[in-house]
Amino acid sequence: MFKQYIKNIWASLKQDSVVTIINILGTALAIFLIMVVVLMQEVKVLPFSPESNRDLFLICNALTETSIGKENTSMTSGRMSEATAKELFSSLKNVKDVTLFSGGGGLSKLVSANKSIPMQAESAYTDDAFWRVFDFKFLSGKPFDNATFKAGQKVVVISESVARHLFHDVNVAGREIEMDFVPYRICGVVRDVSLIASQAYAQLWIPYTTSDIVKLTSGLDNVKLGGTFSAVILANSKSDFPKIKAQVNARVAAINSRIKADKVKLELKGRPMTQFESSITTWSNELPEPGKFYRKAAIILLILLLVPAINLSSMTQSRLRRYITEIGIRRAFGCPRSRLLSDIINENLVLSVIAGIVGLLFCVIFAYFASDMLFTSDWSGFFGHPTVSLSLLLNPKIFLFAFIFCFILNLMSTIIPALHASHTNIVNALNGRTR
Amino acid sequence: MIMNKKLLKQIKNEWRSNVWLFVELFFVSVLMWYVVDYIYTTVLTYVQPMGFDISHSYDLHCTTLDSSDPNFDPNDTVPYKDLKEIADRLRQRPDVEEVSISSYAVPYSGGCMMSDFKFDTLTSQSVYYKYADPEFFRIFRIHGAHGETPEQLSELMAKGPDTFLAGEDVFPKDSKPSMKSMIGKIFYFNNDSTVSHRLAGLFKPIRYDDFKTHKESHSIICHITNKDIDSYSDIAIRVKENQDKDFQSTLWKETTTRLKVRNMYVSQIESFSDLRTQINQPVNNTMRNYLFGAGFLLLNIFLGLLGTFWFRTQQRRSEVALFKALGATDTSIFGRQMTEGILLLTIATIPAIIIDWNLASAELNTSVDGKTLEAGRFIATIAITYLLIALMIFFGNLMPARKAMKVQPAEALHEE
């Protein structure tokens with residue numbers, strides 16, 4: 001059957017190359033843009049190094065303190081203090097690892113090495129679990145271990161581009177750099193991290209025990225739960241998520257009963273959240289709202305499908321009009337309408353898939369080379385690039401999405417003309433009339 | 001006109017095949033209008049004069065050492081002295097034209113301080129309070145409302161530590177007393193009657209950033225005092241012309257030596273044009289999405305027209321041949337086919353305008369200074385939308401219409 005479809009398409013390509021090509025181009029264009037839209041979201045969710053375990057992440061990047069039982073309700077939200085983060089997330093059951101770190105938000109350092117031009121680099125303060133939760137690619141040296149972390153030794157992991165700027169070389173583990181005029185020993189060099197890896201991203205990673213940020217607290221009144229820390233939990237499996245969340249909620253409740261006297265309530269607003277929930281949540285006092293996200297996505301995708309579907313419908317209808325006598329003959333020899341309908345739709349599906357492959361191919365090439373243009377977030381600062389690897393773009397999920405949209409587009413653009421054609425009166429059809 | 005009437009009849013007769021095109025044109029017209037409205041208003045704001053000039057200018061930020069730092073000097077308690085010394089050292093560089101210290105004042109920095117601004121019974125809400133030294137006017141080439149040069153504004157500001165200058169549009173033009181008559185008068189900020197400020201002059205309005213209108217950018221510039229200076233203050237530098245090359249990297253080289261004063265050091269050096277790119281990112285991202293959307297819609301119209309009319313010319317071969325046989329010229333055949341497309345668009349645009357109008361009335365489109373529906377803007381955006389789609393119809397129809405033109409009457413009629 002499939003062979004027959006190909007034959008038919010080949011015949012129509014020869015007979016009416018212009019329209020067939022327009023048909024393919026129209027579909028390819030639609031799939032191209034739909035997949036660009038899909039990719040802009042998917043890169044925030046699909047796993048890639050150093051966030052290869054995104055599926056197993058539970059992320060907590062904010063807390064909210066609200067005053068209760070007072071005339072003027074006040075509210076503050078932001079990251080956690082180290083103490084709060086520890087209280088909430090240390091030694092949880094059913095987890096593989098938990099990392100506490102303080103990064104992003106313009107934590108930059110003036111970095112220099114012997115005789116090099118100093119530079120400004122974005123830094124993150126991390127613990128040693130950070131290197132187990134995230135899978136960085138080390139080009140030289142290795143991460144700092146628990147003993148180094150606990151001792152508060154002045155060591156640093158630097159990114160490839162920082163190493164190249166300061167030393168014109170990547171094999172620099174063991175050498176020394178100055179950060180804000182304090183000497184640190186480089187213990188490892190990692191491959192540059194894409195800005196899209198929003199948790200792991202930085203250019204320098206330092207044990208947080210070397211800094212005073214552990215003491216930094218902020219928040220309402222005497223209850224200072226806020227600070228600069230985020231936590232990422234690496235679960236053993238997705239099925240453990242509810243168990244982990246329940247434990248965290250119990251700990252929140254414990255903190256709340258402790259701070260009740262201060263008339264302050266702690267809320268995590270849906271945190272810790274999955275990678276997907278995190279990708280659709282911008283503000284620290286915002287609950288993840290998948291419903292809202294899906295509604296917005298549905299409207300955009302509907303527009304992107306509907307316009308080409310109307311377009312292609314018009315062409316399919318004209319094309320079918322040509323074969324109306326053929327349809328009439330098939331009907332006269334007893335071919336059921338459902339068979340005709342499915343033949344028309346299937347034949348078109350083959351065409352759509354061919355066009356879809358072309359569209360997806362262009363989309364991947366475009367995303368790879370124009371990643372800055374497509375993936376730069378609204379507030380990304382001066383450093384880094386939202387690069388994407390080909391292995392990320394060629395994820396099977398992307399292909400599946402492309403095929404699903406091809407299928408929907410094909411159905412939307414052929415169903416009405418096909419119904420119309422298959423319901424034409426046999427005598428009229430044999431006469432070449434469409435009514 | 002007669003031809004159009006005939007065409008209308010033809011469109012009506014072929015309504016079954018035209019209905020797809022009509023629906024598409026209607027749908028695209030509404031969507032396009034929405035996108036065009038955003039782009040139109042954004043571009044119109046973007047091209048307004050900024051009121052300042054950021055060429056050859058750089059923004060420096062300083063940081064103080066952490067108290068846990070081994071190099072920390074506990075005796076250094078006055079950050080403004082360190083900052084001023086860093087500014088003085090920069091001033092000595094031969095490639096530097098001017099250096100200014102300011103807080104919440106430099107363009108594209110993202111930081112701001114807003115409050116009411118009052119005089120007598122007049123109140124202007126949301127005015128940007130900027131704190132800067134006299135050099136600020138020279139660096140950003142800000143001009144006076146009455147033709148003063150940046151140098152003259154700078155001198156006005158230098159008259160005393162309590163002086164300030166205001167944008168000439170802080171109060172409406174027809175307000176009484178007029179802004180001009182306020183020059184030399186004493187003002188109190190934020191109901192604080194202990195500190196008086198003297199209005200020394202007016203400057204031509206400066207906008208907050210590329211996408212804020214003048215109305216959203218009302219500002220005053222106050223003479224910066226030592227208490228307004230902290231480590232978050234900006235040091236703005238204008239370098240001499242032709243000295244931009246490698247300026248940033250040579251400055252970075254000095255950050256660990258000359259540009260470190262006691263606990264304070266330079267931690268960020270950015271050109272203002274880079275700051276601008278960064279602060280514009282959200283609008284640029286939205287613009288990118290809309291431009292992609294617009295391109296997509298237009299290409300669809302192009303392809304749809306091309307496909308549908310290609311078929312149509314094939315179907316109408318004999319009809320065209322007959323026209324030709326009866327003396328129609330190539331141009332008239334071409335014109336007829338083009339008019340058909342445009343006529344279809346015009347018919348689809350009428351209901352689209354009604355929808356557009358309702359969208360704008362419901363304030364669902366872009367709001368500029370709180371307005372979504374203005375006669376001039378509405379007409380302009382409808383016209384642009386119409387023209388863009390018409391252009392696509394023209395290009396989409398070009399090939400089919402040419403094909404129709406080339407029909408050989410004898411052959412086509414013979415085949416029939």
# chains A, B, ... in the order shown; residues from 1 in each chain; ligands from 1

$ residues_around --residues "Val36 in chain B" --least-positions-apart "6" --cutoff "8 Å" --atoms "only C-alpha atoms" --output "list of chain:residue names"
B:Ala294, B:Thr381, B:Ile384, B:Thr385

$ write_last_selection --atoms "C-alpha atoms" --output "JSON list (two decimals), in the first residue's frame"
[["chain", "number", "residue", "atom", "x", "y", "z"],
["B", 294, "ALA", "CA", 4.73, 37.78, 10.72],
["B", 381, "THR", "CA", -1.64, 49.54, 11.27],
["B", 384, "ILE", "CA", 0.32, 48.36, 6.73],
["B", 385, "THR", "CA", -1.35, 44.99, 7.30]]

$ closest_atom_pairs --of "chain A" --to "chain B" --cutoff "7 Å" --atoms "only C-alpha atoms" --output "CSV"
residue,atom,partner,partner_atom,distance
A:Val19,CA,B:Gly307,CA,5.6
A:Ile22,CA,B:Leu303,CA,6.3
A:Gly26,CA,B:Leu303,CA,6.6
A:Leu110,CA,B:Ser267,CA,5.8
A:Ile117,CA,B:Lys253,CA,5.1
A:Pro118,CA,B:Trp252,CA,5.7
A:Met119,CA,B:Trp252,CA,6.8
A:Gln120,CA,B:Ser267,CA,6.7
A:Asp212,CA,B:Ser68,CA,6.9
A:Val307,CA,B:Glu24,CA,6.5
A:Pro308,CA,B:Asn300,CA,6.3
A:Ile310,CA,B:Glu24,CA,6.1
A:Asn311,CA,B:Gly304,CA,5.2
A:Ser314,CA,B:Trp20,CA,5.5
A:Met315,CA,B:Thr308,CA,5.9
A:Ser318,CA,B:Phe311,CA,6.8
A:Asp378,CA,B:Pro282,CA,4.4
A:Gly381,CA,B:Gln278,CA,6.6

$ write_last_selection --atoms "C-alpha atoms" --output "PDB file, in the first residue's frame"
ATOM      1  CA  VAL A  19       1.648  22.469  -6.637  1.00  0.00           C
ATOM      2  CA  ILE A  22       4.215  24.247  -2.822  1.00  0.00           C
ATOM      3  CA  GLY A  26       3.923  24.861   3.086  1.00  0.00           C
ATOM      4  CA  LEU A 110      37.607  39.660  39.276  1.00  0.00           C
ATOM      5  CA  ILE A 117      44.630  40.411  31.543  1.00  0.00           C
ATOM      6  CA  PRO A 118      42.192  40.223  34.491  1.00  0.00           C
ATOM      7  CA  MET A 119      38.627  39.324  33.660  1.00  0.00           C
ATOM      8  CA  GLN A 120      35.246  39.275  35.246  1.00  0.00           C
ATOM      9  CA  ASP A 212      31.045  34.200  54.355  1.00  0.00           C
ATOM     10  CA  VAL A 307      -3.102  28.947   9.087  1.00  0.00           C
ATOM     11  CA  PRO A 308      -1.148  26.379   7.050  1.00  0.00           C
ATOM     12  CA  ILE A 310      -6.429  26.286   5.738  1.00  0.00           C
ATOM     13  CA  ASN A 311      -3.803  26.955   3.135  1.00  0.00           C
ATOM     14  CA  SER A 314      -7.409  24.806  -0.356  1.00  0.00           C
ATOM     15  CA  MET A 315      -4.688  23.146  -2.394  1.00  0.00           C
ATOM     16  CA  SER A 318      -8.063  21.677  -5.926  1.00  0.00           C
ATOM     17  CA  ASP A 378      15.322  37.762  28.852  1.00  0.00           C
ATOM     18  CA  GLY A 381      23.674  38.927  31.667  1.00  0.00           C
TER      19      GLY A 381
END

$ residues_around --residues "Arg402 in chain B" --least-positions-apart "6" --cutoff "10 Å" --atoms "only C-alpha atoms" --output "PDB file with N, CA and C atoms, in the first residue's frame"
ATOM      1  N   THR B 313      -5.546  29.007 -12.952  1.00  0.00           N
ATOM      2  CA  THR B 313      -5.169  29.351 -14.336  1.00  0.00           C
ATOM      3  C   THR B 313      -5.248  28.131 -15.225  1.00  0.00           C
ATOM      4  N   ASP B 330      -2.536  41.083 -23.109  1.00  0.00           N
ATOM      5  CA  ASP B 330      -1.826  40.366 -22.057  1.00  0.00           C
ATOM      6  C   ASP B 330      -1.950  41.091 -20.734  1.00  0.00           C
ATOM      7  N   THR B 331      -1.789  42.430 -20.782  1.00  0.00           N
ATOM      8  CA  THR B 331      -1.836  43.225 -19.555  1.00  0.00           C
ATOM      9  C   THR B 331      -3.202  43.129 -18.896  1.00  0.00           C
ATOM     10  N   ILE B 333      -5.298  40.674 -19.031  1.00  0.00           N
ATOM     11  CA  ILE B 333      -5.435  39.336 -18.433  1.00  0.00           C
ATOM     12  C   ILE B 333      -4.707  39.308 -17.095  1.00  0.00           C
ATOM     13  N   PHE B 334      -3.479  39.846 -17.133  1.00  0.00           N
ATOM     14  CA  PHE B 334      -2.635  39.905 -15.933  1.00  0.00           C
ATOM     15  C   PHE B 334      -3.342  40.716 -14.851  1.00  0.00           C
ATOM     16  N   GLN B 337      -6.370  38.995 -13.198  1.00  0.00           N
ATOM     17  CA  GLN B 337      -6.052  37.971 -12.211  1.00  0.00           C
ATOM     18  C   GLN B 337      -5.551  38.598 -10.896  1.00  0.00           C
TER      19      GLN B 337
END

$ closest_residue --among "B:Trp33, B:Lys159, B:Trp15, B:His56" --to "Phe378 in chain B" --atoms "only C-alpha atoms"
B:Trp33

$ atom_distance --atom1 "CA of Ser413 in chain A" --atom2 "CA of Leu33 in chain A"
17.0 Å

$ residues_around --residues "range 142-159 of chain A" --least-positions-apart "2" --cutoff "7 Å" --atoms "only C-alpha atoms" --output "compact mmCIF listing (two decimals) with C-alpha atoms, in the first residue's frame"
# COMPACT_ATOMS: atom_id res chain seq x y z
CA ASP A 127 29.36 21.85 47.94
CA ASP A 128 31.06 18.63 46.84
CA TRP A 131 29.80 17.36 41.19
CA PHE A 138 36.48 17.55 33.06
CA SER A 140 41.87 18.58 33.25
CA SER A 161 37.01 29.64 28.31
CA VAL A 162 38.32 31.15 31.56
CA ALA A 163 41.35 28.85 31.36
CA TYR A 184 43.09 29.97 44.74
CA ARG A 185 44.44 26.69 43.38
CA ILE A 186 42.76 25.35 40.24
CA CYS A 187 41.67 21.78 40.91
CA GLY A 188 39.89 21.18 37.62
CA VAL A 189 38.94 22.61 34.23
CA VAL A 190 35.53 21.76 32.79
CA ARG A 191 34.00 22.23 29.37
CA ASP A 192 32.04 25.49 29.08
CA GLN A 203 32.35 30.00 34.92
CA LEU A 204 33.99 29.35 38.30
CA TRP A 205 32.90 26.94 41.01
CA ILE A 206 34.24 27.45 44.54
CA PRO A 207 33.57 25.51 47.78
CA THR A 209 32.96 26.97 52.88
CA THR A 210 35.62 29.44 51.69

$ residues_around --residues "Leu83 in chain B" --least-positions-apart "3" --cutoff "8 Å" --atoms "only C-alpha atoms" --output "ChimeraX atom specification"
/B:62,79-80,86-87,230-231,261,264

$ write_last_selection --atoms "N, CA and C atoms" --output "mmCIF file, in the first residue's frame"
data_model
loop_
_atom_site.group_PDB
_atom_site.id
_atom_site.type_symbol
_atom_site.label_atom_id
_atom_site.label_comp_id
_atom_site.auth_asym_id
_atom_site.auth_seq_id
_atom_site.Cartn_x
_atom_site.Cartn_y
_atom_site.Cartn_z
ATOM 1 N N CYS B 62 32.256 49.320 40.781
ATOM 2 C CA CYS B 62 33.269 48.952 41.757
ATOM 3 C C CYS B 62 32.684 48.029 42.809
ATOM 4 N N PRO B 79 33.642 54.721 51.675
ATOM 5 C CA PRO B 79 33.737 54.235 50.292
ATOM 6 C C PRO B 79 33.803 55.359 49.261
ATOM 7 N N TYR B 80 33.126 56.504 49.522
ATOM 8 C CA TYR B 80 33.090 57.543 48.488
ATOM 9 C C TYR B 80 34.475 58.096 48.181
ATOM 10 N N ILE B 86 39.466 56.539 42.504
ATOM 11 C CA ILE B 86 39.501 55.730 41.278
ATOM 12 C C ILE B 86 39.112 56.602 40.075
ATOM 13 N N ALA B 87 38.065 57.431 40.258
ATOM 14 C CA ALA B 87 37.630 58.327 39.178
ATOM 15 C C ALA B 87 38.751 59.299 38.811
ATOM 16 N N ASP B 230 27.957 55.402 46.915
ATOM 17 C CA ASP B 230 28.340 54.168 47.590
ATOM 18 C C ASP B 230 28.972 53.249 46.563
ATOM 19 N N SER B 231 29.250 52.028 46.946
ATOM 20 C CA SER B 231 29.957 51.151 46.006
ATOM 21 C C SER B 231 29.074 50.752 44.824
ATOM 22 N N VAL B 261 41.910 50.867 44.945
ATOM 23 C CA VAL B 261 42.191 51.864 45.975
ATOM 24 C C VAL B 261 41.697 51.328 47.312
ATOM 25 N N MET B 264 38.561 49.124 47.659
ATOM 26 C CA MET B 264 37.695 49.195 46.496
ATOM 27 C C MET B 264 38.442 48.884 45.204
#

$ residues_around --residues "Phe119 in chain B" --least-positions-apart "6" --cutoff "10 Å" --atoms "only C-alpha atoms" --output "PDB file with C-alpha atoms, in the first residue's frame"
ATOM      1  CA  PHE B 171       5.175  69.089  34.258  1.00  0.00           C
ATOM      2  CA  PRO B 177       3.326  78.232  36.913  1.00  0.00           C
ATOM      3  CA  MET B 179       8.465  75.298  34.260  1.00  0.00           C
ATOM      4  CA  MET B 182      10.449  77.732  38.381  1.00  0.00           C
ATOM      5  CA  LYS B 185      13.161  78.372  42.973  1.00  0.00           C
ATOM      6  CA  ILE B 186      13.581  76.129  46.003  1.00  0.00           C
ATOM      7  CA  PHE B 187      12.162  72.569  45.992  1.00  0.00           C
ATOM      8  CA  TYR B 188      11.791  69.913  48.666  1.00  0.00           C
ATOM      9  CA  PHE B 189      11.954  66.246  47.681  1.00  0.00           C
TER      10      PHE B 189
END

$ atom_distance --atom1 "CA of Phe101 in chain A" --atom2 "CA of Met179 in chain A"
18.6 Å

$ residues_around --residues "range 94-99 of chain A" --least-positions-apart "6" --cutoff "6 Å" --atoms "only C-alpha atoms" --output "number ranges by chain"
A: 129-130, 231-236

$ write_last_selection --atoms "C-alpha atoms" --output "PDB file, in the first residue's frame"
ATOM      1  CA  ALA A 129      27.740  16.867  46.092  1.00  0.00           C
ATOM      2  CA  PHE A 130      27.329  19.381  43.269  1.00  0.00           C
ATOM      3  CA  ALA A 231      19.051  23.132  46.356  1.00  0.00           C
ATOM      4  CA  VAL A 232      18.834  20.409  43.728  1.00  0.00           C
ATOM      5  CA  ILE A 233      17.746  16.953  44.819  1.00  0.00           C
ATOM      6  CA  LEU A 234      18.743  14.006  42.660  1.00  0.00           C
ATOM      7  CA  ALA A 235      16.129  11.299  43.142  1.00  0.00           C
ATOM      8  CA  ASN A 236      16.630   7.593  42.527  1.00  0.00           C
TER       9      ASN A 236
END
